[in-house]
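Participant: For reference, this is work-v8.pdb, and it has PDB, C-alpha atoms.
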MODEL        1
ATOM      1  CA  MET E 265      28.090 -43.750  -3.743
ATOM      2  CA  ALA E 266      30.858 -41.285  -4.582
ATOM      3  CA  GLY E 267      29.429 -38.216  -6.161
ATOM      4  CA  GLY E 268      26.044 -39.749  -6.654
ATOM      5  CA  GLY E 269      23.042 -38.479  -4.872
ATOM      6  CA  ASP E 270      19.558 -39.826  -4.560
ATOM      7  CA  PRO E 271      17.896 -38.921  -7.830
ATOM      8  CA  GLY E 272      14.725 -38.359  -5.899
ATOM      9  CA  VAL E 273      11.218 -39.092  -6.847
ATOM     10  CA  PRO E 274       9.957 -37.272  -9.898
ATOM     11  CA  GLN E 275       7.480 -34.646  -8.892
ATOM     12  CA  LYS E 276       4.640 -33.214 -10.842
ATOM     13  CA  GLY E 277       5.566 -32.295 -14.347
ATOM     14  CA  GLY E 278       8.151 -35.120 -14.573
ATOM     15  CA  LYS E 279      11.050 -33.000 -13.314
ATOM     16  CA  LYS E 280      13.637 -34.341 -10.894
ATOM     17  CA  PRO E 281      14.513 -32.201  -7.849
ATOM     18  CA  LEU E 282      17.749 -30.188  -8.065
ATOM     19  CA  ASP E 283      18.749 -30.814  -4.445
ATOM     20  CA  THR E 284      21.759 -33.159  -4.247
ATOM     21  CA  VAL E 285      23.961 -34.363  -1.437
ATOM     22  CA  ILE E 286      27.628 -33.427  -1.852
ATOM     23  CA  ASN E 287      30.154 -35.672  -0.129
ATOM     24  CA  LEU E 288      32.711 -33.356   1.551
ATOM     25  CA  VAL E 289      34.923 -36.102   3.040
ATOM     26  CA  PRO E 290      37.341 -36.280   0.031
ATOM     27  CA  PHE E 291      37.733 -32.487   0.069
ATOM     28  CA  ILE E 292      38.456 -32.474   3.805
ATOM     29  CA  ASP E 293      41.025 -35.265   3.321
ATOM     30  CA  LEU E 294      42.728 -33.283   0.558
ATOM     31  CA  MET E 295      42.904 -30.160   2.722
ATOM     32  CA  ALA E 296      44.312 -32.118   5.691
ATOM     33  CA  VAL E 297      47.085 -33.586   3.528
ATOM     34  CA  THR E 298      47.852 -30.185   1.987
ATOM     35  CA  ILE E 299      48.108 -28.474   5.384
ATOM     36  CA  ALA E 300      50.362 -31.236   6.724
ATOM     37  CA  PHE E 301      52.604 -30.909   3.648
ATOM     38  CA  LEU E 302      52.864 -27.118   4.048
ATOM     39  CA  ILE E 303      53.738 -27.403   7.731
ATOM     40  CA  MET E 304      56.492 -29.955   7.036
ATOM     41  CA  THR E 305      58.072 -27.928   4.225
ATOM     42  CA  ALA E 306      57.981 -24.634   6.137
ATOM     43  CA  VAL E 307      61.066 -25.750   8.106
ATOM     44  CA  TRP E 308      63.151 -26.147   4.940
ATOM     45  CA  THR E 309      62.629 -22.528   3.939
ATOM     46  CA  GLN E 310      64.394 -21.436   7.144
ATOM     47  CA  VAL E 311      67.325 -23.831   6.677
ATOM     48  CA  GLY E 312      68.234 -22.736   3.145
ATOM     49  CA  ARG E 313      68.117 -18.992   3.734
ATOM     50  CA  LEU E 314      71.113 -16.657   3.982
ATOM     51  CA  GLN E 315      70.783 -13.796   6.452
ATOM     52  CA  VAL E 316      71.669 -10.637   4.536
ATOM     53  CA  GLY E 317      70.192  -7.180   4.630
ATOM     54  CA  GLN E 318      69.623  -4.427   2.148
ATOM     55  CA  ALA E 319      72.193  -1.668   2.221
ATOM     56  CA  GLY E 320      70.884   1.549   3.634
ATOM     57  CA  GLY E 321      70.838   3.642   6.728
ATOM     58  CA  PRO E 322      69.841   1.987   9.988
ATOM     59  CA  SER E 323      66.400   2.842  11.293
ATOM     60  CA  ASP E 324      67.217   2.020  14.924
ATOM     61  CA  PRO E 325      68.994   4.802  16.888
ATOM     62  CA  ASN E 326      70.854   2.193  18.973
ATOM     63  CA  LYS E 327      72.365   0.789  15.781
ATOM     64  CA  GLN E 328      73.550   4.272  14.817
ATOM     65  CA  GLU E 329      75.511   4.565  18.059
ATOM     66  CA  GLU E 330      76.904   1.065  17.559
ATOM     67  CA  GLU E 331      78.050   1.846  14.006
ATOM     68  CA  GLN E 332      79.909   4.956  15.153
ATOM     69  CA  LYS E 333      82.294   2.688  17.109
ATOM     70  CA  THR E 334      83.328   0.948  13.867
ATOM     71  CA  LEU E 335      84.257   2.060  10.372
ATOM     72  CA  PRO E 336      82.206   1.337   7.261
ATOM     73  CA  LEU E 337      83.619  -1.740   5.524
ATOM     74  CA  THR E 338      82.787  -2.223   1.841
ATOM     75  CA  LEU E 339      83.766  -4.990  -0.572
ATOM     76  CA  LEU E 340      83.257  -4.290  -4.283
ATOM     77  CA  ILE E 341      82.925  -7.567  -6.181
ATOM     78  CA  THR E 342      83.643  -7.560  -9.898
ATOM     79  CA  GLU E 343      84.219 -10.462 -12.269
ATOM     80  CA  LYS E 344      88.002 -10.134 -12.040
ATOM     81  CA  GLU E 345      88.803  -8.622  -8.649
ATOM     82  CA  LEU E 346      87.706  -7.730  -5.128
ATOM     83  CA  LYS E 347      88.194  -4.176  -3.867
ATOM     84  CA  LEU E 348      88.079  -3.768  -0.090
ATOM     85  CA  THR E 349      87.527  -0.334   1.463
ATOM     86  CA  LEU E 350      87.600   0.424   5.195
ATOM     87  CA  GLY E 351      86.485   3.937   6.062
ATOM     88  CA  GLY E 352      88.251   5.983   3.386
ATOM     89  CA  THR E 353      91.211   3.610   3.048
ATOM     90  CA  GLN E 354      91.210   1.367   0.004
ATOM     91  CA  TYR E 355      93.253  -1.831   0.101
ATOM     92  CA  ASP E 356      95.038  -3.320  -2.895
ATOM     93  CA  PRO E 357      92.619  -5.119  -5.231
ATOM     94  CA  ILE E 358      92.546  -8.906  -4.891
ATOM     95  CA  PRO E 359      92.435 -10.617  -8.290
ATOM     96  CA  ILE E 360      90.073 -13.584  -8.531
ATOM     97  CA  ASP E 361      89.426 -16.347 -11.019
ATOM     98  CA  PRO E 362      85.753 -17.438 -10.919
ATOM     99  CA  THR E 363      86.609 -20.909 -12.252
ATOM    100  CA  LYS E 364      88.761 -21.710  -9.180
ATOM    101  CA  LEU E 365      87.798 -19.218  -6.521
ATOM    102  CA  ASP E 366      90.525 -18.888  -3.866
ATOM    103  CA  LEU E 367      89.591 -16.504  -1.070
ATOM    104  CA  THR E 368      92.602 -16.963   1.223
ATOM    105  CA  LYS E 369      93.874 -13.423   0.544
ATOM    106  CA  LEU E 370      90.449 -12.025   1.386
ATOM    107  CA  GLU E 371      90.378 -14.032   4.634
ATOM    108  CA  ALA E 372      93.837 -12.657   5.522
ATOM    109  CA  LYS E 373      92.582  -9.072   4.977
ATOM    110  CA  PHE E 374      89.538  -9.780   7.151
ATOM    111  CA  LYS E 375      91.786 -11.151   9.942
ATOM    112  CA  GLU E 376      93.947  -8.044   9.734
ATOM    113  CA  ILE E 377      90.858  -5.801   9.971
ATOM    114  CA  LYS E 378      89.432  -7.817  12.895
ATOM    115  CA  SER E 379      92.748  -7.577  14.765
ATOM    116  CA  ASN E 380      92.710  -3.777  14.406
ATOM    117  CA  LEU E 381      88.945  -3.362  14.941
ATOM    118  CA  PRO E 382      87.628  -6.254  17.051
ATOM    119  CA  ASP E 383      84.141  -4.666  17.291
ATOM    120  CA  GLN E 384      83.734  -4.630  13.502
ATOM    121  CA  GLN E 385      80.652  -6.719  12.641
ATOM    122  CA  ALA E 386      79.192  -5.117   9.504
ATOM    123  CA  ILE E 387      80.244  -5.334   5.880
ATOM    124  CA  THR E 388      78.546  -4.145   2.694
ATOM    125  CA  LEU E 389      79.017  -6.237  -0.443
ATOM    126  CA  GLN E 390      78.610  -4.290  -3.670
ATOM    127  CA  THR E 391      78.234  -6.602  -6.640
ATOM    128  CA  GLU E 392      78.254  -5.997 -10.343
ATOM    129  CA  ASP E 393      75.603  -7.642 -12.493
ATOM    130  CA  ALA E 394      78.057 -10.044 -14.128
ATOM    131  CA  VAL E 395      79.121 -11.663 -10.828
ATOM    132  CA  LYS E 396      77.908 -15.248 -10.520
ATOM    133  CA  TYR E 397      75.630 -16.154  -7.629
ATOM    134  CA  GLU E 398      77.984 -18.965  -6.557
ATOM    135  CA  VAL E 399      80.834 -16.451  -6.148
ATOM    136  CA  LEU E 400      78.614 -14.153  -4.071
ATOM    137  CA  VAL E 401      77.520 -17.005  -1.778
ATOM    138  CA  ARG E 402      81.126 -18.152  -1.251
ATOM    139  CA  ILE E 403      82.133 -14.586  -0.338
ATOM    140  CA  ILE E 404      79.183 -14.324   2.087
ATOM    141  CA  ASP E 405      80.309 -17.595   3.694
ATOM    142  CA  THR E 406      83.846 -16.202   3.986
ATOM    143  CA  CYS E 407      82.537 -13.042   5.662
ATOM    144  CA  ILE E 408      80.524 -15.057   8.181
ATOM    145  CA  GLY E 409      83.526 -17.300   8.856
ATOM    146  CA  SER E 410      85.671 -14.209   9.449
ATOM    147  CA  GLU E 411      83.291 -12.969  12.180
ATOM    148  CA  LEU E 412      81.533 -10.374  10.016
ATOM    149  CA  PRO E 413      77.937 -11.573  10.373
ATOM    150  CA  ALA E 414      76.110  -8.298   9.613
ATOM    151  CA  ILE E 415      76.176  -8.504   5.818
ATOM    152  CA  SER E 416      74.400  -6.099   3.484
ATOM    153  CA  VAL E 417      74.254  -6.630  -0.259
ATOM    154  CA  SER E 418      73.767  -3.794  -2.721
ATOM    155  CA  PRO E 419      74.407  -3.237  -6.415
ATOM    156  CA  ALA E 420      77.692  -1.642  -7.395
ATOM    157  CA  SER E 421      77.344   2.057  -8.114
ATOM    158  CA  SER E 422      78.468   3.064 -11.558
TER     159      SER E 422
ENDMDL
END
Could you rewrite the structure in this file as structure tokens?

Facilitator:
Amino acid sequence: MAGGGDPGVPQKGGKKPLDTVINLVPFIDLMAVTIAFLIMTAVWTQVGRLQVGQAGGPSDPNKQEEEQKTLPLTLLITEKELKLTLGGTQYDPIPIDPTKLDLTKLEAKFKEIKSNLPDQQAITLQTEDAVKYEVLVRIIDTCIGSELPAISVSPASS
């Protein structure tokens, strides 16, 4: 039955007709399973995503007014150190070792900044190309844990 059609009765000239019956049930079953699989996996794409934005000027005028109440906070991430800048003030560099990443000093700086500027929500992370992705994700987690949820990531300017 599967895939086979009625060969038909030979007509004049001994040729068989070219009309065949195609069974669409297996194709419909395949599409139903594929759609169900895509719907189930769509949830996992939302769970594993980090909420970061691209550095640049805000397009919303309300955000511009909101940013004027705070100072621009930038963290330059290199392989060997972290350089934190708030407004025009640059803090002492924090040395890091990527093999055993300890971000307690960075958390202390963030707490100090949040105590002085409680409305501060935004931070821009500037990363060099040599920085490992694991280090960047740990720093993003530290920023979120320090109540700096508006994170933008941009490449470090040379």

Participant: Between atom CA of Pro419 of chain E and atom CA of Leu340 of chain E, what is the distance, to one decimal in Å?

Facilitator: 9.2 Å

Participant: Pick out the closest residue to Val401 of chain E from this set: E:Leu282, E:Leu288, E:Leu365, E:Ala296. Count all atoms listed in the file.

Facilitator: E:Leu365

Participant: Would you place a box with edges along x, y and z of the file around all atoms of segment 389-397 of chain E listed there, add 5 Å to each of its six sides, and report the centre and edge lengths in Å to one decimal, as AutoDock Vina command-line options?

Facilitator:
--center_x 77.4 --center_y -10.2 --center_z -7.3 --size_x 13.5 --size_y 21.9 --size_z 23.7

Participant: Using all atoms listed in the file, which of the listed residues (E:Leu337, E:Leu389, E:Val395, E:Val417) sits closest to Lys373 of chain E?

Facilitator: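 Among the listed residues, the smallest separation from Lys373 of chain E belongs to E:Leu337.
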
Participant: Between atom CA of Pro362 of chain E and atom CA of Glu398 of chain E, what is the spacing in Å?

Facilitator: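 Computing the Euclidean distance for atom CA of Glu398 of chain E and atom CA of Pro362 of chain E yields 9.0 Å.
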
Participant: Quick one: which residues end up in the PyMOL selection byres ((chain E and resi 414) around 10) for this structure, as a list in words?

Facilitator: Gln315, Val316, Gly317, Gln384, Gln385, Ala386, Ile387, Thr388, Cys407, Ile408, Glu411, Leu412, Pro413, Ile415 and Ser416 of chain E

Participant: As a list in words, please: the residues near Arg402 of chain E (cut-off 12 Å, all atoms listed in the file, same-chain neighbours under 6 positions excluded).

Facilitator: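 Counting only the stated atoms, we get Leu314, Ile341, Pro362, Lys364, Leu365, Asp366, Leu367, Thr368, Leu370, Glu371, Val395, Lys396, Ile408 and Gly409 of chain E.
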
Participant: Quick one: write out the picked residues with C-alpha atoms as a CSV table (one decimal), keeping the file's coordinate frame?

Facilitator:
chain,number,residue,atom,x,y,z
E,314,LEU,CA,71.1,-16.7,4.0
E,341,ILE,CA,82.9,-7.6,-6.2
E,362,PRO,CA,85.8,-17.4,-10.9
E,364,LYS,CA,88.8,-21.7,-9.2
E,365,LEU,CA,87.8,-19.2,-6.5
E,366,ASP,CA,90.5,-18.9,-3.9
E,367,LEU,CA,89.6,-16.5,-1.1
E,368,THR,CA,92.6,-17.0,1.2
E,370,LEU,CA,90.4,-12.0,1.4
E,371,GLU,CA,90.4,-14.0,4.6
E,395,VAL,CA,79.1,-11.7,-10.8
E,396,LYS,CA,77.9,-15.2,-10.5
E,408,ILE,CA,80.5,-15.1,8.2
E,409,GLY,CA,83.5,-17.3,8.9

Participant: Run through the PyMOL selection byres ((chain E and resi 421) around 10) on the given coordinates and return the selected residues as a PyMOL selection string.

Facilitator: chain E and resi 340+390-392+418-420+422

Participant: Quick check, in Å to one decimal: how far apart do atom CA of Lys375 of chain E and atom CA of Tyr397 of chain E lie?

Facilitator: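 Atom CA of Lys375 of chain E sits 24.4 Å away from atom CA of Tyr397 of chain E.
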
Participant: Mind checking which residues fall within 12 Å of Asn380 of chain E, counting all atoms listed in the file, ignoring those fewer than 6 positions away in the same chain, and posting them as a ChimeraX atom specification?

Facilitator: /E:334-335,350,373-374

Participant: Put those residues in a file: C-alpha atoms, as a CSV table (one decimal), keeping the file's coordinate frame.

Facilitator:
chain,number,residue,atom,x,y,z
E,334,THR,CA,83.3,0.9,13.9
E,335,LEU,CA,84.3,2.1,10.4
E,350,LEU,CA,87.6,0.4,5.2
E,373,LYS,CA,92.6,-9.1,5.0
E,374,PHE,CA,89.5,-9.8,7.2

Participant: Which is closest to Thr353 of chain E among E:Val297, E:Ile292, E:Met304, E:Leu339, if we use all atoms listed in the file?

Facilitator: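 Nearest candidate to Thr353 of chain E out of E:Val297, E:Ile292, E:Met304, E:Leu339: E:Leu339.
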
Participant: Within 12 Å of Gly352 of chain E, counting all atoms listed in the file, which residues qualify if same-chain residues fewer than 3 places away don't, as JSON, numbers by chain?

Facilitator: {"E": [335, 336, 337, 338, 348, 349, 355]}

Participant: Which of these residues is nearest to Ile377 of chain E, using only C-alpha atoms: E:Thr305, E:Gly351, E:Ala300, E:Met295?

Facilitator: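 That would be E:Gly351, the residue with the smallest distance to Ile377 of chain E.
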
Participant: Have a look at E:Leu302, E:Val289, E:Ala372, E:Val399 and name the one nearest to Glu343 of chain E; count all atoms listed in the file.

Facilitator: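 Selected residue with least distance to Glu343 of chain E: E:Val399.
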
Participant: Rank E:Ile404, E:Gly278, E:Asn287, E:Ser410 by their smallest atom-to-atom distance to Pro382 of chain E, using only C-alpha atoms, and report the top residue only.

Facilitator: E:Ser410
